[in-house]
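A.B. asks: Dropping the structure in here first, questions after.
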Amino acid sequence: MAVDDAGAAALRRRFSYRDFWSDVGDRFPDLDGAASTRYYAANEQRLFTEHLPPLKGLKILKTDLWDEAKNTRILVWAAAHGAHTYGVDISEPIVLQARAAFDRQPLRAAVGDVRDIPFADASFDAVYSMGTIEHFDETERAVKEIVRVLKPGGRAIIGVPNRHDPFLRPLMATLMQAAGLYAYGYEKSYSRKSLRDMLERAGLTVTDETAILFIPGLLRIVDLACHAWCRPLALVTAAMVSPFVWLDRHVAAVRRHGYLLATVAVKPGPSQP
């Protein structure tokens, strides 16, 4: 009976999680064009360029499609460079909006849960997961699913909030969650070591550890709010974002201290042709 109760509770959490993101997908504004979003997109493009194989012909899965619907459009950029793009997202509105962002080469997207990825074993050359697996308790299950769908020799980039962000973003997120003001729901943070240990337990070999978005989390939120609801003030926040963009471009050491960790890992085994 206790097992049945636990299973029912887990199922209720899944439905609640799905409903939350479906609602967010319907009502959240598009963040594309904000200064901090352009900065974010440049960081993601650098991750792909520096840590993935050449994109032409690469079969890549993204574990949520928020960015394609609302944010950096990183898979649109990858597709423009020849990648075959796939995605999974628990929110049907987000999936529909993400598909609409593609024109010449379609996004092959499924409505589904990263904890049960609806693709076959060893399907992808690369998996990109940025800001996804920290939003629920079964994070290790999601990582195992990422490993399952990755080809032997394939590469994953896994990103989660940085517990040691110098601008204390995890504390800000925790306080906002407690006050019911955090737009992204439940969220955990990780140290670089705890993320590495989790990936290694799942069978991945970590090859590099970096981060993106060296910027105060509060500034990012204010910049997005101004972009969405008060465009004249977005000129002010854009000026405030620009020093962090400059630092990121010219002082490579700051990149390790961004508020999203980005750990690169390989699934052991021979590379696929």
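By order in the structure tokens, chains are A, B, ...; within a chain, residues start at 1; ligands start at 1, following the order shown.
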Mind dumping a table of every range 129-225 of chain A residue within 12 Å of range 110-114 of chain A, with the nearest atom pair and its distance in Å to one decimal, using only C-alpha atoms, sorted by chain and rising number, as a tab-separated table?

C.D. replies:
residue	atom	partner	partner_atom	distance
A:Ser129	CA	A:Val114	CA	9.6
A:Thr132	CA	A:Val114	CA	8.4
A:Ile133	CA	A:Val114	CA	7.9
A:Glu134	CA	A:Val114	CA	11.4
A:His135	CA	A:Val114	CA	11.0
A:Phe136	CA	A:Val114	CA	10.5
A:Glu138	CA	A:Val114	CA	10.0
A:Thr139	CA	A:Val114	CA	9.3
A:Glu140	CA	A:Val114	CA	10.8
A:Arg141	CA	A:Val114	CA	8.7
A:Ala142	CA	A:Val114	CA	5.6
A:Val143	CA	A:Val114	CA	8.5
A:Lys144	CA	A:Val114	CA	9.8
A:Glu145	CA	A:Val114	CA	7.1
A:Ile146	CA	A:Val114	CA	7.9
A:Val147	CA	A:Val114	CA	11.4
A:Arg148	CA	A:Val114	CA	11.4
A:Val149	CA	A:Val114	CA	10.8

A.B. asks: Tell me, counting only C-alpha atoms, for each residue of range 164-259 of chain A within 10 Å of range 46-65 of chain A, which pair of atoms is nearest and how far apart they are in Å to one decimal, in rows ordered by chain and increasing number, as JSON lines.

C.D. replies:
{"residue": "A:Thr207", "atom": "CA", "partner": "A:His51", "partner_atom": "CA", "distance": 9.3}
{"residue": "A:Asp208", "atom": "CA", "partner": "A:His51", "partner_atom": "CA", "distance": 8.4}
{"residue": "A:Thr210", "atom": "CA", "partner": "A:Leu47", "partner_atom": "CA", "distance": 9.0}
{"residue": "A:Ala211", "atom": "CA", "partner": "A:Leu47", "partner_atom": "CA", "distance": 9.1}
{"residue": "A:Ile212", "atom": "CA", "partner": "A:Leu47", "partner_atom": "CA", "distance": 8.6}

A.B. asks: Using C-alpha atoms, can you write the selected residues to a file as a JSON list (two decimals), in the first residue's frame?

C.D. replies:
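What landed in part_21.json:
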[["chain", "number", "residue", "atom", "x", "y", "z"],
["A", 207, "THR", "CA", 35.99, 15.90, -20.13],
["A", 208, "ASP", "CA", 35.55, 19.58, -19.35],
["A", 210, "THR", "CA", 32.93, 25.41, -17.55],
["A", 211, "ALA", "CA", 29.94, 27.70, -17.03],
["A", 212, "ILE", "CA", 27.92, 30.38, -18.81]]

A.B. asks: Just asking: which residues within range 155-233 of chain A are strand (DSSP E or B) according to DSSP, as a ChimeraX atom specification?

C.D. replies: /A:155-162,190,205-212

A.B. asks: Please provide the set of residues having any atom within 10 Å of Pro29 in chain A, restricted to only C-alpha atoms, with same-chain residues fewer than 2 positions apart removed, written as a PyMOL selection string.

C.D. replies: chain A and resi 24-27+31-32+69-71+224-225+227-229

A.B. asks: Out of A:Cys230, A:Phe214, A:Arg220, A:Ser22, which residue has the shortest atom-to-atom distance to Ala253 in chain A when counting only C-alpha atoms?

C.D. replies: A:Phe214

A.B. asks: So that I can see what lies close to Val241 in chain A, please list as a CSV table (one decimal) with C-alpha atoms, in the first residue's frame the residues with an atom at most 12 Å from it, counting only C-alpha atoms and leaving out residues fewer than 3 positions away in the same chain.

C.D. replies:
chain,number,residue,atom,x,y,z
A,34,ALA,CA,16.9,41.3,-24.6
A,35,ALA,CA,20.5,42.2,-24.0
A,36,SER,CA,21.0,39.4,-21.5
A,37,THR,CA,19.4,36.9,-23.9
A,38,ARG,CA,21.9,37.9,-26.7
A,39,TYR,CA,24.7,37.3,-24.1
A,40,TYR,CA,23.2,33.9,-23.2
A,213,LEU,CA,26.2,33.7,-17.9
A,214,PHE,CA,28.7,35.5,-15.7
A,215,ILE,CA,26.2,38.1,-14.7
A,216,PRO,CA,24.1,38.9,-11.5
A,217,GLY,CA,20.9,36.8,-11.7
A,218,LEU,CA,18.9,39.8,-10.5
A,219,LEU,CA,20.2,41.9,-13.4
A,220,ARG,CA,19.2,39.2,-15.8
A,221,ILE,CA,15.6,39.1,-14.4
A,222,VAL,CA,15.3,42.9,-14.4
A,223,ASP,CA,16.6,43.1,-18.0
A,224,LEU,CA,14.1,40.5,-19.1
A,234,ALA,CA,15.7,48.1,-21.4
A,235,LEU,CA,18.2,50.6,-22.8
A,236,VAL,CA,19.4,51.1,-19.2
A,237,THR,CA,19.6,47.4,-18.4
A,238,ALA,CA,21.4,46.7,-21.7
A,244,PHE,CA,29.6,41.5,-18.2
A,245,VAL,CA,29.6,40.8,-21.9
A,246,TRP,CA,33.0,42.5,-22.2
A,247,LEU,CA,34.4,40.5,-19.3
A,248,ASP,CA,33.1,37.2,-20.8

A.B. asks: Find the residues around Leu204 in chain A up to 6 Å (only C-alpha atoms counted), leave out those fewer than 6 positions away in its own chain, and share them as a list in words.

C.D. replies: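 The filter keeps Ala265, Val266 and Lys267 of chain A.
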
A.B. asks: Which one of A:Phe102, A:Ala42, A:Ala80, A:Lys188 sits closest to Glu68 in chain A if you count only C-alpha atoms?

C.D. replies: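 Checking each of A:Phe102, A:Ala42, A:Ala80, A:Lys188 against Glu68 in chain A, counting only C-alpha atoms, the winner is A:Phe102.
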
A.B. asks: Quote the spacing between CA of Pro152 in chain A and CA of Thr263 in chain A in Å to one decimal place.

C.D. replies: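 Separation of CA of Pro152 in chain A and CA of Thr263 in chain A: 17.8 Å.
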
A.B. asks: Pick out each residue of range 24-245 of chain A that DSSP on the backbone tags as helix (DSSP H, G or I); I need them as a VMD selection string.

C.D. replies: chain A and resid 24 to 27 35 to 51 66 to 70 74 to 80 92 to 100 133 to 135 139 to 149 169 to 178 192 to 201 217 to 229 231 to 245

A.B. asks: Skipping near chain neighbours, those fewer than 5 positions away, what residues fall within 12 Å of Pro268 in chain A using only C-alpha atoms, listed as a PyMOL selection string?

C.D. replies: chain A and resi 122+147-148+150-156+200+202-207

A.B. asks: Pick out the closest residue to Leu199 in chain A from this set: A:Gly269, A:Gly180, A:Gly159, A:Pro232. Count only C-alpha atoms.

C.D. replies: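 With only C-alpha atoms as the atom set, the closest residue is A:Gly159.
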